[in-house]
Amino acid sequence: MSTFLARLGRWSARHRLVVIGAWLLIFAGLIGAMIVGTNSGDVGEASESIPDSPASQALDRMNEEFPSAGDSGGAELQLVFAPDNQDVTNSATAAKISGILSDAAQLPGVEAVSDPFDSTRPYVSQDRNLAVATLSYGELTDQQQIDNYEAALDLQQDADASLGVELGGNLVPLGAPAPGPGEGVGVIVAFLVLILTFGSLLAAGVNLLIAVFGVGVSLVGVLALGSFMPIGENSIILAAMLGLAVGIDYSLFILSRFRNELRSGKSVEDAVARATGTAGTSVVFAGLTVIVALVALLVANLSFITEMGFAAAAAVAVSVLLSLTLLPALMRTLGTKALSGKQRRALAAGELWVEGAEQKRGLLRGWGSFVVKKPVVSILAGTLLLVVAALPLLSMKTAFSIPGGSDPSTTERAAYNLIVDEFGGIQSPLLVLAEGDDVRSHTAALAQDLADRDGVRMVLPAEYSADGTMARMTVIPEGSPIDQQTKDLVQQVRDDADAISGVHVEVTGETAIGIDQDAALMAALIKYLVVIVVISLLLLLVMFRSILIPLIATLGYLLSLGASFGASTAVFQWGWLDPVIAAPQGDPMLSLLPLLLVGVLFGLAMDYQVFLVSRMKEMHDRGMSPKQAIREGFARSAPVLVAAATIMTVVFAGFATGTFAIGASIAFGLMIGVMADAFIVRLVLMPALLSLLGESAWWLPRWLDRILPRVDSEGHALDAAEDEAAASDGSGGGQDAPSPRQLAGV
């Protein structure tokens, strides 16, 4: 592979205008496809449902037998009154409420307003602390939804404060808000880190340009596809976030190797070829690892999760292709200007950088030596830190969606909670279907059995299908759909589905569907985690030709994953960083978040593993002792790894400051996962464990060594080709000093 990639890099450098033009044409073509698709008509919205769940199947049967049940009518809002005097029936209070309801009837789009004091259909709590009125709307356009909802919000905000008015429901479908300043700040900080890493503004600019262009290409591609078929906003967010992060990292690794090859005296073109053949091989392997991890989301068998995985995988694939083609073209254009001024002066003076020569003692070299000398202390300290960070995971709760909206501070959530406190889960009831030839004779017993169960507030009278074989009962739970008591109630009813002879019972409705979806995602998480572990072991076995290194790397990944889950639980469920994190906090974790973190963090962890340990393997293959190979490989790869991890951290931190709950929680989980994996697992635990294992870390059975394919990330094939070329021309393998034209980058 290294030989092929070196040739590809050399060809791209020689034909840079062709490569640049080709990518610009691809970009323009995707923009055109997006425009054509956008003008072709409405493709609908992406679905995030799980159609094969028990509750969904029961709902389909119910809609067949009770057609009116599937007709939800127009949109509705609720005006919830919780007055300071705690008595909505007080004459003065009731008069004020009636006045607000009169104003509500005049709001744009409102077709009817219910009276909570109507004796035929009262909506007043038993203690008279709460009254609820419903505002009914007809069919609304997208713009009418926005305008009418804003008008209702104005009414709620202008109401007498003593009435404690809250507005329940939302006419406007909630989507991702516009990007905030945090994303831009993250990119700026990443650029500063690149400047400090390279010491060259041009090199840093090229690195960031490749990453940003890659995000542009991948996002336009996803949006072009989305103009022909529904694509969820979460897919776009994940593709942008991951594409930017890996785009910066992959270019960083190849550019760093290119600079080293220039400093060793190679011509610009040879340096491009060598960097693409060596670091490019690691980039391809790392990129394929991330892509495989994302595509493996197929095992979840959930269409919207698969869609997110493929969108993010496409973004990673674009980043890899750009780093192997467009980056070499730009490196050829940069030439020695990719070096810092000091490095260019040293090169002009004939001071060549020699791979393997003793480097000056620096912070990271000293850290690597300390970890190798004190492996037990390092392992204990690093493991303890990760375990402590993971402890909140023990109390992690998940939910497919949050009833009342994802922001606890909104009037919508306040209204929802007020109604739950006084009326139970009347907004999200359970629908119990009873099927049997003589179902009417058993409904009384079934209703009593349901009413006697813990967590049930009320059971409404049964309705019967036209043929009399199905009865539908509406059960009002005590709590909301995400309360554990409600989940236990659904499971108990299902466990006793055939307890009454001749009758089969099923549970459906919004609450039951949400519970099933959450359970399906958690089951998919376990399955996916097993698949990821197997993939990790196999890929690293091929890469490092070792039995123990894949095991250590995988265990380290699991520790960093646990830290990510634990920190996310502490922040978004417990609300530990409420003043810092702008996104809503205090709710259960969205159940798709752990699944995404497992896949993305696996890919990133394997990136760091490949870039760090491949250099150690290179030193070991050259004949160094295990500990010396660790020190030397660490000293050469750790600076770039630290820069890459720092960049990813600040990029994800920028997204984590956003107000969109899903995007912020994904970004925060990735930020913690990257910090834990790069700075603790790879820079502490990995060298410490390798030091303890010694030569056995690189052990591989001979029979397995013969059948495993070889990944030449160290460029041995390139070395052999150079030696053969040198022998054929009689140069003895020497390398002429760069000419003035080479030093000028031409």
# chains A, B, ... in the order shown; residues from 1 in each chain; ligands from 1
call {"tool": "residues_around", "arguments": {"residues": "A:Asp454", "least_positions_apart": "3", "cutoff": "10 Å", "atoms": "only C-alpha atoms", "output": "ChimeraX atom specification"}}
result
/A:450-451,457,477-478,485-486,488-489,492
call {"tool": "residues_around", "arguments": {"residues": "A:Val172", "least_positions_apart": "6", "cutoff": "10 Å", "atoms": "only C-alpha atoms", "output": "list in words"}}
result
Ala75, Asp142, Gln143, Gln144, Gln145, Ile146, Asp147, Asn148, Tyr149 and Glu150 of chain A
call {"tool": "write_last_selection", "arguments": {"atoms": "N, CA and C atoms", "output": "PDB file, in the first residue's frame"}}
result
ATOM      1  N   ALA A  75     -53.568  21.044  15.084  1.00  0.00           N
ATOM      2  CA  ALA A  75     -52.632  21.265  16.182  1.00  0.00           C
ATOM      3  C   ALA A  75     -53.349  21.886  17.378  1.00  0.00           C
ATOM      4  N   ASP A 142     -46.124  26.218   7.206  1.00  0.00           N
ATOM      5  CA  ASP A 142     -44.935  26.368   8.052  1.00  0.00           C
ATOM      6  C   ASP A 142     -44.837  27.781   8.615  1.00  0.00           C
ATOM      7  N   GLN A 143     -45.086  28.777   7.780  1.00  0.00           N
ATOM      8  CA  GLN A 143     -44.996  30.152   8.252  1.00  0.00           C
ATOM      9  C   GLN A 143     -46.112  30.462   9.239  1.00  0.00           C
ATOM     10  N   GLN A 144     -47.316  29.925   9.009  1.00  0.00           N
ATOM     11  CA  GLN A 144     -48.416  30.132   9.955  1.00  0.00           C
ATOM     12  C   GLN A 144     -48.111  29.501  11.305  1.00  0.00           C
ATOM     13  N   GLN A 145     -47.441  28.357  11.298  1.00  0.00           N
ATOM     14  CA  GLN A 145     -47.057  27.732  12.565  1.00  0.00           C
ATOM     15  C   GLN A 145     -46.183  28.677  13.382  1.00  0.00           C
ATOM     16  N   ILE A 146     -45.211  29.278  12.722  1.00  0.00           N
ATOM     17  CA  ILE A 146     -44.298  30.190  13.419  1.00  0.00           C
ATOM     18  C   ILE A 146     -45.048  31.421  13.912  1.00  0.00           C
ATOM     19  N   ASP A 147     -45.805  32.058  13.014  1.00  0.00           N
ATOM     20  CA  ASP A 147     -46.501  33.296  13.369  1.00  0.00           C
ATOM     21  C   ASP A 147     -47.536  33.063  14.466  1.00  0.00           C
ATOM     22  N   ASN A 148     -48.308  31.990  14.349  1.00  0.00           N
ATOM     23  CA  ASN A 148     -49.372  31.735  15.324  1.00  0.00           C
ATOM     24  C   ASN A 148     -48.805  31.349  16.688  1.00  0.00           C
ATOM     25  N   TYR A 149     -47.701  30.623  16.671  1.00  0.00           N
ATOM     26  CA  TYR A 149     -47.099  30.254  17.951  1.00  0.00           C
ATOM     27  C   TYR A 149     -46.528  31.482  18.646  1.00  0.00           C
ATOM     28  N   GLU A 150     -45.892  32.359  17.875  1.00  0.00           N
ATOM     29  CA  GLU A 150     -45.356  33.590  18.468  1.00  0.00           C
ATOM     30  C   GLU A 150     -46.477  34.452  19.042  1.00  0.00           C
TER      31      GLU A 150
END
call {"tool": "residues_around", "arguments": {"residues": "stretch 543-556 of chain A", "least_positions_apart": "6", "cutoff": "8 Å", "atoms": "only C-alpha atoms", "output": "list in words"}}
result
Val533, Ser536, Leu537, Met606, Gln609, Val610, Ser614, Lys617, Asp677, Val681, Arg682, Leu685, Met686, Leu689, Leu690, Ser696, Ala697, Trp698, Trp699, Leu700, Asp705, Leu708, Arg710 and Val711 of chain A
call {"tool": "write_last_selection", "arguments": {"atoms": "C-alpha atoms", "output": "PDB file, in the first residue's frame"}}
result
ATOM      1  CA  VAL A 533     -14.683  -4.803  20.175  1.00  0.00           C
ATOM      2  CA  SER A 536     -10.919  -3.452  17.096  1.00  0.00           C
ATOM      3  CA  LEU A 537      -9.137  -6.691  17.909  1.00  0.00           C
ATOM      4  CA  MET A 606      -7.950   3.701  16.889  1.00  0.00           C
ATOM      5  CA  GLN A 609      -3.459   4.078  18.638  1.00  0.00           C
ATOM      6  CA  VAL A 610      -2.243   3.740  15.056  1.00  0.00           C
ATOM      7  CA  SER A 614       3.095   2.494  14.699  1.00  0.00           C
ATOM      8  CA  LYS A 617       6.733  -0.529  16.136  1.00  0.00           C
ATOM      9  CA  ASP A 677      -8.249   8.468  25.239  1.00  0.00           C
ATOM     10  CA  VAL A 681      -5.000   6.003  27.604  1.00  0.00           C
ATOM     11  CA  ARG A 682      -2.525   6.585  24.751  1.00  0.00           C
ATOM     12  CA  LEU A 685      -1.519   3.682  29.979  1.00  0.00           C
ATOM     13  CA  MET A 686      -0.297   2.437  26.595  1.00  0.00           C
ATOM     14  CA  LEU A 689       1.721  -1.283  29.802  1.00  0.00           C
ATOM     15  CA  LEU A 690       4.041  -1.833  26.844  1.00  0.00           C
ATOM     16  CA  SER A 696       6.135 -10.127  24.834  1.00  0.00           C
ATOM     17  CA  ALA A 697       4.074  -7.118  23.729  1.00  0.00           C
ATOM     18  CA  TRP A 698       5.186  -7.843  20.144  1.00  0.00           C
ATOM     19  CA  TRP A 699       4.654 -11.600  20.264  1.00  0.00           C
ATOM     20  CA  LEU A 700       2.629 -13.235  17.500  1.00  0.00           C
ATOM     21  CA  ASP A 705       2.119 -14.266  11.221  1.00  0.00           C
ATOM     22  CA  LEU A 708      -2.111 -12.144   8.270  1.00  0.00           C
ATOM     23  CA  ARG A 710       0.882  -6.925   6.008  1.00  0.00           C
ATOM     24  CA  VAL A 711       0.261  -3.188   6.403  1.00  0.00           C
TER      25      VAL A 711
END
call {"tool": "residues_around", "arguments": {"residues": "A:Ala296", "least_positions_apart": "5", "cutoff": "10 Å", "atoms": "only C-alpha atoms", "output": "PyMOL selection string"}}
result
chain A and resi 290-291+301+306+309-310+528+531-532+535+599
call {"tool": "write_last_selection", "arguments": {"atoms": "C-alpha atoms", "output": "mmCIF file, in the first residue's frame"}}
result
data_model
loop_
_atom_site.group_PDB
_atom_site.id
_atom_site.type_symbol
_atom_site.label_atom_id
_atom_site.label_comp_id
_atom_site.auth_asym_id
_atom_site.auth_seq_id
_atom_site.Cartn_x
_atom_site.Cartn_y
_atom_site.Cartn_z
ATOM 1 C CA VAL A 290 -13.480 5.036 11.506
ATOM 2 C CA ILE A 291 -15.524 4.292 8.386
ATOM 3 C CA ASN A 301 -31.045 -2.165 12.333
ATOM 4 C CA THR A 306 -27.742 3.905 9.867
ATOM 5 C CA GLY A 309 -23.456 6.503 10.349
ATOM 6 C CA PHE A 310 -23.282 6.606 6.554
ATOM 7 C CA TYR A 528 -22.896 -2.710 18.504
ATOM 8 C CA VAL A 531 -19.174 -5.785 17.134
ATOM 9 C CA ILE A 532 -16.871 -2.817 17.772
ATOM 10 C CA ILE A 535 -13.483 -5.135 14.859
ATOM 11 C CA GLY A 599 -18.853 4.309 17.132
#
call {"tool": "select_by_dssp", "arguments": {"residues": "stretch 267-497 of chain A", "states": "alpha helix (DSSP H)", "output": "number ranges by chain"}}
result
A: 268-295, 303-324, 326-334, 341-348, 363-373, 375-390, 411-423, 443-451, 484-495
call {"tool": "select_by_dssp", "arguments": {"residues": "stretch 93-293 of chain A", "states": "strand (DSSP E or B)", "output": "PyMOL selection string"}}
result
chain A and resi 110-113+124+131-137+165-168
call {"tool": "write_last_selection", "arguments": {"atoms": "C-alpha atoms", "output": "PDB file, in the first residue's frame"}}
result
ATOM      1  CA  VAL A 110     -57.390  29.622  16.644  1.00  0.00           C
ATOM      2  CA  GLU A 111     -60.633  27.788  15.761  1.00  0.00           C
ATOM      3  CA  ALA A 112     -61.832  26.978  19.259  1.00  0.00           C
ATOM      4  CA  VAL A 113     -60.904  27.565  22.908  1.00  0.00           C
ATOM      5  CA  VAL A 124     -59.678  21.858  36.846  1.00  0.00           C
ATOM      6  CA  ALA A 131     -56.942  24.985  35.290  1.00  0.00           C
ATOM      7  CA  VAL A 132     -56.176  24.071  31.690  1.00  0.00           C
ATOM      8  CA  ALA A 133     -57.701  25.454  28.481  1.00  0.00           C
ATOM      9  CA  THR A 134     -57.056  24.017  25.026  1.00  0.00           C
ATOM     10  CA  LEU A 135     -56.515  26.169  21.941  1.00  0.00           C
ATOM     11  CA  SER A 136     -57.461  24.264  18.768  1.00  0.00           C
ATOM     12  CA  TYR A 137     -55.953  25.132  15.387  1.00  0.00           C
ATOM     13  CA  VAL A 165     -49.883  31.306  32.950  1.00  0.00           C
ATOM     14  CA  GLU A 166     -47.798  28.778  31.014  1.00  0.00           C
ATOM     15  CA  LEU A 167     -48.165  27.817  27.358  1.00  0.00           C
ATOM     16  CA  GLY A 168     -48.106  24.080  26.717  1.00  0.00           C
TER      17      GLY A 168
END
call {"tool": "closest_atom_pairs", "arguments": {"of": "stretch 602-647 of chain A", "to": "stretch 672-675 of chain A", "cutoff": "8 Å", "atoms": "only C-alpha atoms", "output": "JSON lines"}}
result
{"residue": "A:Leu604", "atom": "CA", "partner": "A:Val674", "partner_atom": "CA", "distance": 7.4}
{"residue": "A:Ala605", "atom": "CA", "partner": "A:Val674", "partner_atom": "CA", "distance": 7.5}
{"residue": "A:Ala645", "atom": "CA", "partner": "A:Val674", "partner_atom": "CA", "distance": 6.5}
call {"tool": "residues_around", "arguments": {"residues": "A:Ala520", "least_positions_apart": "4", "cutoff": "9 Å", "atoms": "only C-alpha atoms", "output": "list in words"}}
result
Ile50, Ser53, Ala300, Leu302, Ile515, Asp516, Ala524 and Leu525 of chain A
call {"tool": "atom_distance", "arguments": {"atom1": "atom CA of A:Val530", "atom2": "atom CA of A:Val246"}}
result
24.3 Å
call {"tool": "residues_around", "arguments": {"residues": "A:Leu592", "least_positions_apart": "5", "cutoff": "12 Å", "atoms": "only C-alpha atoms", "output": "PyMOL selection string"}}
result
chain A and resi 48+234-235+297+300+302+304-306+308-309+397-401+517-525+597-599+662-663+665-666
call {"tool": "write_last_selection", "arguments": {"atoms": "C-alpha atoms", "output": "short mmCIF file (atom, residue, chain, number, x, y, z; two decimals), in the first residue's frame"}}
result
data_model
loop_
_atom_site.label_atom_id
_atom_site.label_comp_id
_atom_site.auth_asym_id
_atom_site.auth_seq_id
_atom_site.Cartn_x
_atom_site.Cartn_y
_atom_site.Cartn_z
CA GLU A 48 -36.84 8.55 13.61
CA ASN A 234 -28.52 14.92 13.36
CA SER A 235 -26.83 13.31 10.34
CA LEU A 297 -24.08 1.04 12.89
CA ALA A 300 -28.51 -1.55 15.12
CA LEU A 302 -32.48 1.33 12.83
CA PHE A 304 -32.11 6.82 11.16
CA ILE A 305 -29.05 5.54 13.03
CA THR A 306 -27.74 3.90 9.87
CA MET A 308 -26.22 9.08 10.57
CA GLY A 309 -23.46 6.50 10.35
CA LYS A 397 -30.82 7.11 32.38
CA THR A 398 -31.88 7.28 28.77
CA ALA A 399 -35.00 8.33 26.89
CA PHE A 400 -35.86 8.34 23.20
CA SER A 401 -37.46 11.77 23.52
CA GLN A 517 -37.73 2.79 21.08
CA ASP A 518 -35.49 3.46 24.06
CA ALA A 519 -35.25 -0.27 24.79
CA ALA A 520 -34.44 -1.00 21.13
CA LEU A 521 -31.61 1.53 21.13
CA MET A 522 -30.15 0.11 24.35
CA ALA A 523 -30.29 -3.41 22.90
CA ALA A 524 -28.63 -2.12 19.74
CA LEU A 525 -25.94 -0.47 21.88
CA LEU A 597 -20.35 7.83 21.07
CA VAL A 598 -19.41 4.15 20.90
CA GLY A 599 -18.85 4.31 17.13
CA ILE A 662 -28.39 16.73 20.75
CA GLY A 663 -25.46 18.44 19.05
CA SER A 665 -24.32 16.39 24.10
CA ILE A 666 -22.64 14.55 21.21
#
call {"tool": "decode", "arguments": {"residues": "stretch 69-102 of chain A", "atoms": "N, CA and C atoms", "output": "compact mmCIF listing (two decimals), in the first residue's frame"}}
result
# COMPACT_ATOMS: atom_id res chain seq x y z
N ALA A 69 -59.23 6.79 15.83
CA ALA A 69 -58.12 6.97 16.77
C ALA A 69 -56.88 7.53 16.09
N GLY A 70 -56.73 7.24 14.78
CA GLY A 70 -55.55 7.72 14.08
C GLY A 70 -55.67 9.14 13.59
N ASP A 71 -56.88 9.74 13.72
CA ASP A 71 -57.10 11.11 13.27
C ASP A 71 -56.89 12.06 14.44
N SER A 72 -55.73 12.67 14.48
CA SER A 72 -55.40 13.55 15.61
C SER A 72 -55.94 14.95 15.42
N GLY A 73 -56.55 15.25 14.23
CA GLY A 73 -57.09 16.58 13.99
C GLY A 73 -55.98 17.59 13.83
N GLY A 74 -56.32 18.88 14.05
CA GLY A 74 -55.35 19.95 13.91
C GLY A 74 -54.45 20.06 15.13
N ALA A 75 -53.57 21.04 15.08
CA ALA A 75 -52.63 21.26 16.18
C ALA A 75 -53.35 21.89 17.38
N GLU A 76 -52.75 21.70 18.55
CA GLU A 76 -53.33 22.25 19.78
C GLU A 76 -52.24 22.85 20.66
N LEU A 77 -52.64 23.85 21.43
CA LEU A 77 -51.82 24.40 22.51
C LEU A 77 -52.64 24.39 23.77
N GLN A 78 -51.97 24.47 24.92
CA GLN A 78 -52.67 24.54 26.21
C GLN A 78 -52.26 25.81 26.96
N LEU A 79 -53.26 26.49 27.50
CA LEU A 79 -53.00 27.58 28.45
C LEU A 79 -53.23 27.01 29.84
N VAL A 80 -52.15 26.98 30.61
CA VAL A 80 -52.20 26.38 31.95
C VAL A 80 -52.15 27.51 32.97
N PHE A 81 -53.12 27.52 33.89
CA PHE A 81 -53.24 28.57 34.90
C PHE A 81 -52.93 28.00 36.27
N ALA A 82 -51.89 28.52 36.91
CA ALA A 82 -51.52 28.13 38.28
C ALA A 82 -51.39 29.41 39.10
N PRO A 83 -52.51 30.01 39.54
CA PRO A 83 -52.49 31.33 40.19
C PRO A 83 -51.80 31.32 41.54
N ASP A 84 -51.35 32.51 41.93
CA ASP A 84 -50.66 32.65 43.21
C ASP A 84 -51.56 32.32 44.39
N ASN A 85 -52.86 32.65 44.28
CA ASN A 85 -53.75 32.38 45.41
C ASN A 85 -54.20 30.93 45.48
N GLN A 86 -53.73 30.11 44.52
CA GLN A 86 -53.96 28.67 44.51
C GLN A 86 -55.44 28.29 44.49
N ASP A 87 -56.26 29.11 43.88
CA ASP A 87 -57.68 28.79 43.75
C ASP A 87 -58.19 29.39 42.45
N VAL A 88 -58.27 28.54 41.42
CA VAL A 88 -58.69 29.04 40.12
C VAL A 88 -60.19 29.35 40.08
N THR A 89 -60.95 28.83 41.07
CA THR A 89 -62.39 29.07 41.07
C THR A 89 -62.77 30.36 41.80
N ASN A 90 -61.80 31.00 42.44
CA ASN A 90 -62.07 32.30 43.05
C ASN A 90 -62.66 33.22 42.00
N SER A 91 -63.70 33.97 42.37
CA SER A 91 -64.44 34.75 41.38
C SER A 91 -63.55 35.73 40.63
N ALA A 92 -62.67 36.42 41.34
CA ALA A 92 -61.79 37.39 40.68
C ALA A 92 -60.81 36.68 39.75
N THR A 93 -60.25 35.55 40.23
CA THR A 93 -59.30 34.80 39.42
C THR A 93 -59.99 34.21 38.20
N ALA A 94 -61.17 33.64 38.39
CA ALA A 94 -61.90 33.05 37.27
C ALA A 94 -62.24 34.10 36.21
N ALA A 95 -62.55 35.31 36.67
CA ALA A 95 -62.88 36.38 35.73
C ALA A 95 -61.65 36.75 34.90
N LYS A 96 -60.49 36.82 35.55
CA LYS A 96 -59.26 37.12 34.80
C LYS A 96 -58.95 36.02 33.78
N ILE A 97 -59.15 34.77 34.19
CA ILE A 97 -58.91 33.65 33.28
C ILE A 97 -59.84 33.72 32.08
N SER A 98 -61.10 34.03 32.34
CA SER A 98 -62.07 34.14 31.24
C SER A 98 -61.69 35.25 30.28
N GLY A 99 -61.15 36.35 30.81
CA GLY A 99 -60.70 37.44 29.94
C GLY A 99 -59.56 37.00 29.03
N ILE A 100 -58.60 36.23 29.58
CA ILE A 100 -57.49 35.75 28.76
C ILE A 100 -57.99 34.77 27.70
N LEU A 101 -58.96 33.94 28.06
CA LEU A 101 -59.50 32.99 27.10
C LEU A 101 -60.23 33.72 25.97
N SER A 102 -60.88 34.82 26.29
CA SER A 102 -61.53 35.63 25.25
C SER A 102 -60.49 36.19 24.30
